Structure formats: structure tokens, C-alpha cells
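Colleague: Enclosed is the structure file input-v4.pdb (PDB, C-alpha atoms, pLDDT in the B column).
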```
ATOM      1  CA  MET A   1     -32.316  13.148 -25.617  1.00 43.00           C
ATOM      2  CA  CYS A   2     -33.353  12.658 -29.219  1.00 46.00           C
ATOM      3  CA  ASN A   3     -30.647  11.656 -31.635  1.00 44.00           C
ATOM      4  CA  PHE A   4     -30.548  14.245 -34.397  1.00 43.00           C
ATOM      5  CA  ILE A   5     -28.576  13.572 -37.552  1.00 38.00           C
ATOM      6  CA  ASN A   6     -27.367  17.136 -38.117  1.00 40.00           C
ATOM      7  CA  ASP A   7     -27.974  20.734 -37.032  1.00 47.00           C
ATOM      8  CA  SER A   8     -31.128  20.963 -39.167  1.00 48.00           C
ATOM      9  CA  LYS A   9     -33.473  19.494 -36.592  1.00 68.00           C
ATOM     10  CA  TYR A  10     -36.672  17.620 -37.283  1.00 86.00           C
ATOM     11  CA  LEU A  11     -38.766  20.377 -35.679  1.00 95.00           C
ATOM     12  CA  ASN A  12     -37.663  23.521 -33.879  1.00 97.00           C
ATOM     13  CA  ILE A  13     -39.819  25.294 -31.313  1.00 97.00           C
ATOM     14  CA  VAL A  14     -38.885  28.838 -30.346  1.00 98.00           C
ATOM     15  CA  MET A  15     -40.171  30.743 -27.331  1.00 97.00           C
ATOM     16  CA  PHE A  16     -39.289  34.431 -27.489  1.00 97.00           C
ATOM     17  CA  GLU A  17     -38.992  35.973 -24.002  1.00 96.00           C
ATOM     18  CA  PRO A  18     -41.294  33.481 -22.231  1.00 95.00           C
ATOM     19  CA  GLU A  19     -42.667  34.810 -18.960  1.00 92.00           C
ATOM     20  CA  ILE A  20     -44.409  31.946 -17.172  1.00 88.00           C
ATOM     21  CA  PRO A  21     -42.279  29.009 -16.021  1.00 86.00           C
ATOM     22  CA  GLN A  22     -45.120  26.490 -16.129  1.00 88.00           C
ATOM     23  CA  ASN A  23     -45.768  27.234 -19.814  1.00 91.00           C
ATOM     24  CA  THR A  24     -42.097  26.794 -20.637  1.00 91.00           C
ATOM     25  CA  GLY A  25     -41.988  23.560 -18.658  1.00 89.00           C
ATOM     26  CA  ASN A  26     -45.046  22.276 -20.520  1.00 91.00           C
ATOM     27  CA  VAL A  27     -43.464  23.208 -23.856  1.00 94.00           C
ATOM     28  CA  ALA A  28     -40.197  21.529 -22.852  1.00 92.00           C
ATOM     29  CA  ARG A  29     -42.116  18.342 -22.066  1.00 90.00           C
ATOM     30  CA  LEU A  30     -43.918  18.592 -25.413  1.00 94.00           C
ATOM     31  CA  CYS A  31     -40.604  19.015 -27.235  1.00 94.00           C
ATOM     32  CA  ALA A  32     -39.176  15.943 -25.520  1.00 91.00           C
ATOM     33  CA  CYS A  33     -42.248  13.928 -26.504  1.00 90.00           C
ATOM     34  CA  CYS A  34     -42.203  14.964 -30.161  1.00 92.00           C
ATOM     35  CA  CYS A  35     -38.427  15.164 -30.740  1.00 91.00           C
ATOM     36  CA  ALA A  36     -38.353  18.929 -31.237  1.00 95.00           C
ATOM     37  CA  LYS A  37     -35.473  21.153 -30.204  1.00 95.00           C
ATOM     38  CA  LEU A  38     -36.477  24.023 -27.921  1.00 95.00           C
ATOM     39  CA  TYR A  39     -34.951  27.476 -28.264  1.00 97.00           C
ATOM     40  CA  LEU A  40     -35.491  30.122 -25.610  1.00 95.00           C
ATOM     41  CA  ILE A  41     -34.657  33.578 -26.909  1.00 96.00           C
ATOM     42  CA  GLY A  42     -34.014  36.733 -24.951  1.00 94.00           C
ATOM     43  CA  ARG A  43     -34.858  37.672 -21.410  1.00 89.00           C
ATOM     44  CA  LEU A  44     -36.689  34.958 -19.502  1.00 84.00           C
ATOM     45  CA  GLY A  45     -39.348  35.862 -16.948  1.00 75.00           C
ATOM     46  CA  PHE A  46     -38.019  33.217 -14.551  1.00 69.00           C
ATOM     47  CA  SER A  47     -34.893  31.328 -13.569  1.00 69.00           C
ATOM     48  CA  MET A  48     -34.081  28.053 -15.293  1.00 68.00           C
ATOM     49  CA  SER A  49     -33.905  26.548 -11.800  1.00 70.00           C
ATOM     50  CA  ASP A  50     -37.487  27.664 -11.012  1.00 53.00           C
ATOM     51  CA  LYS A  51     -39.345  24.863  -9.203  1.00 68.00           C
ATOM     52  CA  TYR A  52     -42.512  25.418 -11.280  1.00 55.00           C
ATOM     53  CA  LEU A  53     -40.530  25.144 -14.516  1.00 59.00           C
ATOM     54  CA  LYS A  54     -38.898  21.915 -13.378  1.00 63.00           C
ATOM     55  CA  ARG A  55     -42.139  20.487 -12.018  1.00 59.00           C
ATOM     56  CA  SER A  56     -44.168  21.125 -15.186  1.00 54.00           C
ATOM     57  CA  GLY A  57     -41.418  19.563 -17.304  1.00 50.00           C
ATOM     58  CA  LEU A  58     -41.510  16.500 -15.043  1.00 56.00           C
ATOM     59  CA  ASP A  59     -38.704  14.023 -15.646  1.00 70.00           C
ATOM     60  CA  TYR A  60     -38.321  14.889 -19.338  1.00 70.00           C
ATOM     61  CA  TRP A  61     -35.419  17.343 -18.980  1.00 73.00           C
ATOM     62  CA  ASP A  62     -32.789  14.737 -19.883  1.00 76.00           C
ATOM     63  CA  LYS A  63     -34.741  13.854 -23.045  1.00 78.00           C
ATOM     64  CA  LEU A  64     -34.738  17.419 -24.332  1.00 85.00           C
ATOM     65  CA  GLU A  65     -32.388  19.444 -26.459  1.00 89.00           C
ATOM     66  CA  ILE A  66     -32.685  23.061 -25.316  1.00 90.00           C
ATOM     67  CA  GLU A  67     -30.702  26.200 -26.144  1.00 94.00           C
ATOM     68  CA  HIS A  68     -30.921  29.724 -24.752  1.00 93.00           C
ATOM     69  CA  ILE A  69     -29.962  32.465 -27.219  1.00 96.00           C
ATOM     70  CA  ILE A  70     -29.369  36.016 -26.008  1.00 95.00           C
ATOM     71  CA  ASP A  71     -31.486  37.900 -28.547  1.00 96.00           C
ATOM     72  CA  PHE A  72     -33.388  37.528 -31.811  1.00 97.00           C
ATOM     73  CA  GLU A  73     -30.564  39.063 -33.860  1.00 97.00           C
ATOM     74  CA  GLU A  74     -28.173  36.354 -32.688  1.00 97.00           C
ATOM     75  CA  PHE A  75     -30.843  33.752 -33.481  1.00 97.00           C
ATOM     76  CA  GLU A  76     -31.303  35.118 -37.028  1.00 97.00           C
ATOM     77  CA  ASN A  77     -27.536  35.156 -37.564  1.00 97.00           C
ATOM     78  CA  LYS A  78     -27.286  31.537 -36.419  1.00 96.00           C
ATOM     79  CA  PHE A  79     -30.014  30.399 -38.842  1.00 96.00           C
ATOM     80  CA  PRO A  80     -29.892  32.780 -41.834  1.00 95.00           C
ATOM     81  CA  LYS A  81     -31.448  30.377 -44.360  1.00 93.00           C
ATOM     82  CA  GLU A  82     -34.006  28.577 -42.241  1.00 95.00           C
ATOM     83  CA  LYS A  83     -37.764  29.030 -42.508  1.00 96.00           C
ATOM     84  CA  PHE A  84     -39.419  30.829 -39.594  1.00 98.00           C
ATOM     85  CA  TYR A  85     -43.165  30.725 -38.906  1.00 98.00           C
ATOM     86  CA  LEU A  86     -44.366  33.316 -36.415  1.00 98.00           C
ATOM     87  CA  PHE A  87     -47.553  32.524 -34.511  1.00 98.00           C
ATOM     88  CA  THR A  88     -49.648  35.603 -33.791  1.00 97.00           C
ATOM     89  CA  THR A  89     -53.215  36.809 -33.416  1.00 95.00           C
ATOM     90  CA  LYS A  90     -52.357  39.711 -35.761  1.00 95.00           C
ATOM     91  CA  THR A  91     -52.804  37.945 -39.100  1.00 96.00           C
ATOM     92  CA  ASN A  92     -55.544  36.138 -40.978  1.00 95.00           C
ATOM     93  CA  LYS A  93     -53.376  33.361 -42.454  1.00 98.00           C
ATOM     94  CA  LYS A  94     -54.236  30.126 -40.675  1.00 98.00           C
ATOM     95  CA  PHE A  95     -51.450  27.912 -39.379  1.00 98.00           C
ATOM     96  CA  THR A  96     -52.983  25.061 -41.395  1.00 98.00           C
ATOM     97  CA  ASP A  97     -52.645  27.007 -44.662  1.00 97.00           C
ATOM     98  CA  VAL A  98     -48.866  26.614 -44.887  1.00 97.00           C
ATOM     99  CA  GLN A  99     -46.650  23.668 -45.745  1.00 97.00           C
ATOM    100  CA  TYR A 100     -44.175  22.947 -42.955  1.00 97.00           C
ATOM    101  CA  ASN A 101     -40.913  21.197 -43.699  1.00 95.00           C
ATOM    102  CA  GLU A 102     -38.566  19.337 -41.415  1.00 93.00           C
ATOM    103  CA  GLY A 103     -36.128  21.781 -39.859  1.00 94.00           C
ATOM    104  CA  ASP A 104     -38.596  24.706 -39.819  1.00 96.00           C
ATOM    105  CA  PHE A 105     -38.839  26.960 -36.777  1.00 98.00           C
ATOM    106  CA  LEU A 106     -42.193  27.653 -35.117  1.00 98.00           C
ATOM    107  CA  ILE A 107     -41.854  30.897 -33.154  1.00 98.00           C
ATOM    108  CA  PHE A 108     -44.091  31.995 -30.284  1.00 98.00           C
ATOM    109  CA  GLY A 109     -44.079  35.246 -28.329  1.00 97.00           C
ATOM    110  CA  PRO A 110     -44.392  36.048 -24.646  1.00 96.00           C
ATOM    111  CA  GLU A 111     -47.656  35.322 -22.888  1.00 94.00           C
ATOM    112  CA  THR A 112     -48.696  38.905 -22.129  1.00 93.00           C
ATOM    113  CA  ARG A 113     -47.745  40.722 -25.325  1.00 93.00           C
ATOM    114  CA  GLY A 114     -46.983  38.319 -28.165  1.00 95.00           C
ATOM    115  CA  LEU A 115     -44.205  38.797 -30.683  1.00 97.00           C
ATOM    116  CA  PRO A 116     -42.919  42.340 -31.280  1.00 97.00           C
ATOM    117  CA  GLU A 117     -44.403  44.238 -34.215  1.00 97.00           C
ATOM    118  CA  VAL A 118     -40.949  44.652 -35.762  1.00 97.00           C
ATOM    119  CA  LEU A 119     -40.587  40.857 -36.094  1.00 98.00           C
ATOM    120  CA  LEU A 120     -44.134  40.437 -37.395  1.00 98.00           C
ATOM    121  CA  ASN A 121     -43.420  43.047 -40.058  1.00 98.00           C
ATOM    122  CA  ARG A 122     -40.056  41.525 -40.993  1.00 97.00           C
ATOM    123  CA  TYR A 123     -41.577  38.056 -41.431  1.00 98.00           C
ATOM    124  CA  ASN A 124     -45.036  39.167 -42.532  1.00 97.00           C
ATOM    125  CA  GLU A 125     -45.338  36.454 -45.204  1.00 97.00           C
ATOM    126  CA  ASN A 126     -44.693  33.759 -42.581  1.00 98.00           C
ATOM    127  CA  CYS A 127     -47.052  34.964 -39.859  1.00 98.00           C
ATOM    128  CA  VAL A 128     -49.772  32.459 -39.012  1.00 98.00           C
ATOM    129  CA  THR A 129     -52.660  32.304 -36.574  1.00 97.00           C
ATOM    130  CA  ILE A 130     -54.702  29.678 -34.786  1.00 97.00           C
ATOM    131  CA  PRO A 131     -58.408  30.435 -35.344  1.00 96.00           C
ATOM    132  CA  MET A 132     -60.493  31.117 -32.255  1.00 94.00           C
ATOM    133  CA  SER A 133     -63.643  32.883 -31.170  1.00 92.00           C
ATOM    134  CA  GLN A 134     -63.785  36.634 -31.808  1.00 88.00           C
ATOM    135  CA  ASN A 135     -64.792  37.088 -28.168  1.00 90.00           C
ATOM    136  CA  THR A 136     -61.430  35.818 -26.876  1.00 87.00           C
ATOM    137  CA  ARG A 137     -57.931  37.261 -26.846  1.00 83.00           C
ATOM    138  CA  SER A 138     -55.658  34.258 -27.158  1.00 85.00           C
ATOM    139  CA  LEU A 139     -55.011  30.647 -26.237  1.00 92.00           C
ATOM    140  CA  ASN A 140     -52.621  29.571 -23.513  1.00 94.00           C
ATOM    141  CA  LEU A 141     -49.077  29.667 -24.900  1.00 95.00           C
ATOM    142  CA  SER A 142     -48.256  26.021 -24.253  1.00 95.00           C
ATOM    143  CA  ASN A 143     -51.544  24.991 -25.904  1.00 96.00           C
ATOM    144  CA  SER A 144     -50.697  27.110 -28.949  1.00 97.00           C
ATOM    145  CA  VAL A 145     -47.264  25.509 -29.217  1.00 98.00           C
ATOM    146  CA  ALA A 146     -48.829  22.041 -29.042  1.00 97.00           C
ATOM    147  CA  ILE A 147     -51.366  22.878 -31.753  1.00 98.00           C
ATOM    148  CA  GLY A 148     -48.681  24.293 -34.073  1.00 98.00           C
ATOM    149  CA  ALA A 149     -46.196  21.498 -33.420  1.00 97.00           C
ATOM    150  CA  TYR A 150     -48.670  18.724 -34.058  1.00 96.00           C
ATOM    151  CA  GLU A 151     -49.890  20.283 -37.297  1.00 98.00           C
ATOM    152  CA  ALA A 152     -46.289  20.268 -38.521  1.00 97.00           C
ATOM    153  CA  ILE A 153     -45.863  16.683 -37.302  1.00 95.00           C
ATOM    154  CA  ARG A 154     -49.110  15.678 -39.035  1.00 96.00           C
ATOM    155  CA  GLN A 155     -47.761  17.129 -42.277  1.00 96.00           C
ATOM    156  CA  PHE A 156     -44.422  15.299 -41.773  1.00 91.00           C
ATOM    157  CA  GLY A 157     -46.318  12.026 -41.464  1.00 89.00           C
ATOM    158  CA  GLY A 158     -45.681  11.464 -37.777  1.00 87.00           C
ATOM    159  CA  ILE A 159     -42.960  11.689 -35.177  1.00 86.00           C
ATOM    160  CA  LYS A 160     -39.602  10.594 -36.545  1.00 77.00           C
ATOM    161  CA  CYS A 161     -37.336   9.668 -33.680  1.00 78.00           C
TER
END
```
Please rewrite the model in this file as C-alpha cells.

Modeller:
Amino acid sequence: MCNFINDSKYLNIVMFEPEIPQNTGNVARLCACCCAKLYLIGRLGFSMSDKYLKRSGLDYWDKLEIEHIIDFEEFENKFPKEKFYLFTTKTNKKFTDVQYNEGDFLIFGPETRGLPEVLLNRYNENCVTIPMSQNTRSLNLSNSVAIGAYEAIRQFGGIKC
């Protein structure tokens, strides 16, 4: 597990109601490799003991800091002053057009429906998108998380753990 100095983590990855265990396992592995804390919020579309989740995360589970939070309201109450960036296809602001800071939260929605409109409206100023062809719907969730995480890491000047 990464050694964090305080509760304001280097990078925080949030998956809201993830549905596919392999994506979550891939994201968990990514978080272990780049010293990010992983938050899973809300109802999960799988069990944490799912064999596909464990398999896709390989042997990185002991190197990962992970927390499951019951709902988004509890999450907001836990981090009232932190900066949230919501990744969505429903905005024109590119994920590369913002300045990420250590301790920020990159938030991703479920594979089949994305983040709820109510959250996108509440955090409208912090909604970002990953550009892609107009003839496609969306990227794979774990790929999107990797793209967002490594842009933040690039801006931080590299992995710091």
C-alpha cells in the first residue's frame, strides 16, 4: 500500500456505481501503480469477492487503498472542501483544459449510463470530457480513468510515491 502523509491523498479516483468487475479491477490495478486512492460509491454491480474483479486486479490488491462509500451524499459530506472533476460525454470542456492539484478527485460514472444529470448539474463548472470521434458513444471506463489519471500525474510532474 502507498504511504500517504495525510487524508488529502496524492490523487483520488472515484467510481460511482461501477457495474463491470473487470473494469473496477483494472482501475484498482491502475490506482496501485500510480499511488491513487480508489473510492467506490453507491451500489456496485458485482460482489467485491467476484473472481473477475480479483483476476483483473492481479496481485495488486495489497498495494491499494480502497474505500466503499454508501452514497454520493455521504461522499460529499466527507470531503466538503475538495475539488471534484466529473468525467462525462455531456460537456465540451476537455479534461486537458483544467489544472489538477494533488488531492483532487476524478469522478467517473457507471459504464452503461454515466454520471447522473443531477451531479453533472451540481458540478457543471468541473465537468470534463475526453475528446473522441463523433461516431462513437464512449471509451471503456477503465481506459477513461487511465487517461484522466495520467493527465493529472503529468501535471503533477510524475508519480510521487

Colleague: With all atoms listed in the file as the atoms that count, which of A:Cys35, A:Trp61, A:Leu115, A:Ser49 lies nearest to Tyr150 of chain A?

Modeller: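 Ranking A:Cys35, A:Trp61, A:Leu115, A:Ser49 by distance to Tyr150 of chain A, first place goes to A:Cys35.
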
Colleague: Step by step, work through what the PyMOL selection byres ((chain A and resi 84) around 9) selects in the shown file, and finish by giving those residues as a ChimeraX atom specification.

Modeller: /A:82-83,85-86,104-107,123,126-127

Colleague: Pick from A:Leu139, A:Ile147, A:Leu38, A:Leu30: nearest to Ile13 of chain A, with all atoms listed in the file counted?

Modeller: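 Among the listed residues, A:Leu38 lies closest to Ile13 of chain A.
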
Colleague: Compile the contact shell of Ala149 of chain A as an NGL selection string: residues with an atom at most 12 Å away, counting only C-alpha atoms, same-chain residues fewer than 5 positions apart removed.

Modeller: :A and (10-14 or 27 or 30-38 or 85 or 87 or 95-96 or 100-108 or 130 or 142-144 or 154-156 or 158-159)

Colleague: Go ahead and compute the interatomic distance for atom CA of Pro18 of chain A and atom CA of Pro80 of chain A, in Å to one decimal.

Modeller: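 Answer for the atom CA of Pro18 of chain A to atom CA of Pro80 of chain A separation: 22.7 Å.
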
Colleague: Which residue gives the smallest distance to Pro110 of chain A among A:Ser133, A:Thr88, A:Lys78, A:Asp62, with only C-alpha atoms counted?

Modeller: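 Result for the nearest residue to Pro110 of chain A: A:Thr88.
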
Colleague: Run the PyMOL selection byres ((chain A and resi 20) around 8) mentally over the shown coordinates, then write out the matched residues as a PyMOL selection string, using the chain letters and numbers from the document.

Modeller: chain A and resi 18-19+21-24+45-46+111

Colleague: Find the residue from A:Val98, A:Met15, A:Ile153, A:Ala146 that sits nearest to Asp71 of chain A; use only C-alpha atoms when measuring.

Modeller: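 The closest residue to Asp71 of chain A is A:Met15.
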
Colleague: So how far away is atom CA of Asn121 of chain A from atom CA of Asn140 of chain A, in Å?

Modeller: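 Computed distance, atom CA of Asn140 of chain A to atom CA of Asn121 of chain A, equals 23.2 Å.
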
Colleague: For each of A:Leu141, A:Asn92, A:Gly109, A:Cys161, take the minimum atom-to-atom distance to Leu40 of chain A, counting only C-alpha atoms, then give the residue where this is smallest.

Modeller: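 So, comparing all the options, the nearest one is A:Gly109.
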
Colleague: Please measure the separation of atom CA of Phe75 of chain A and atom CA of Arg122 of chain A, giving the value in Å to one decimal.

Modeller: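 Interatomic distance here is 14.2 Å.
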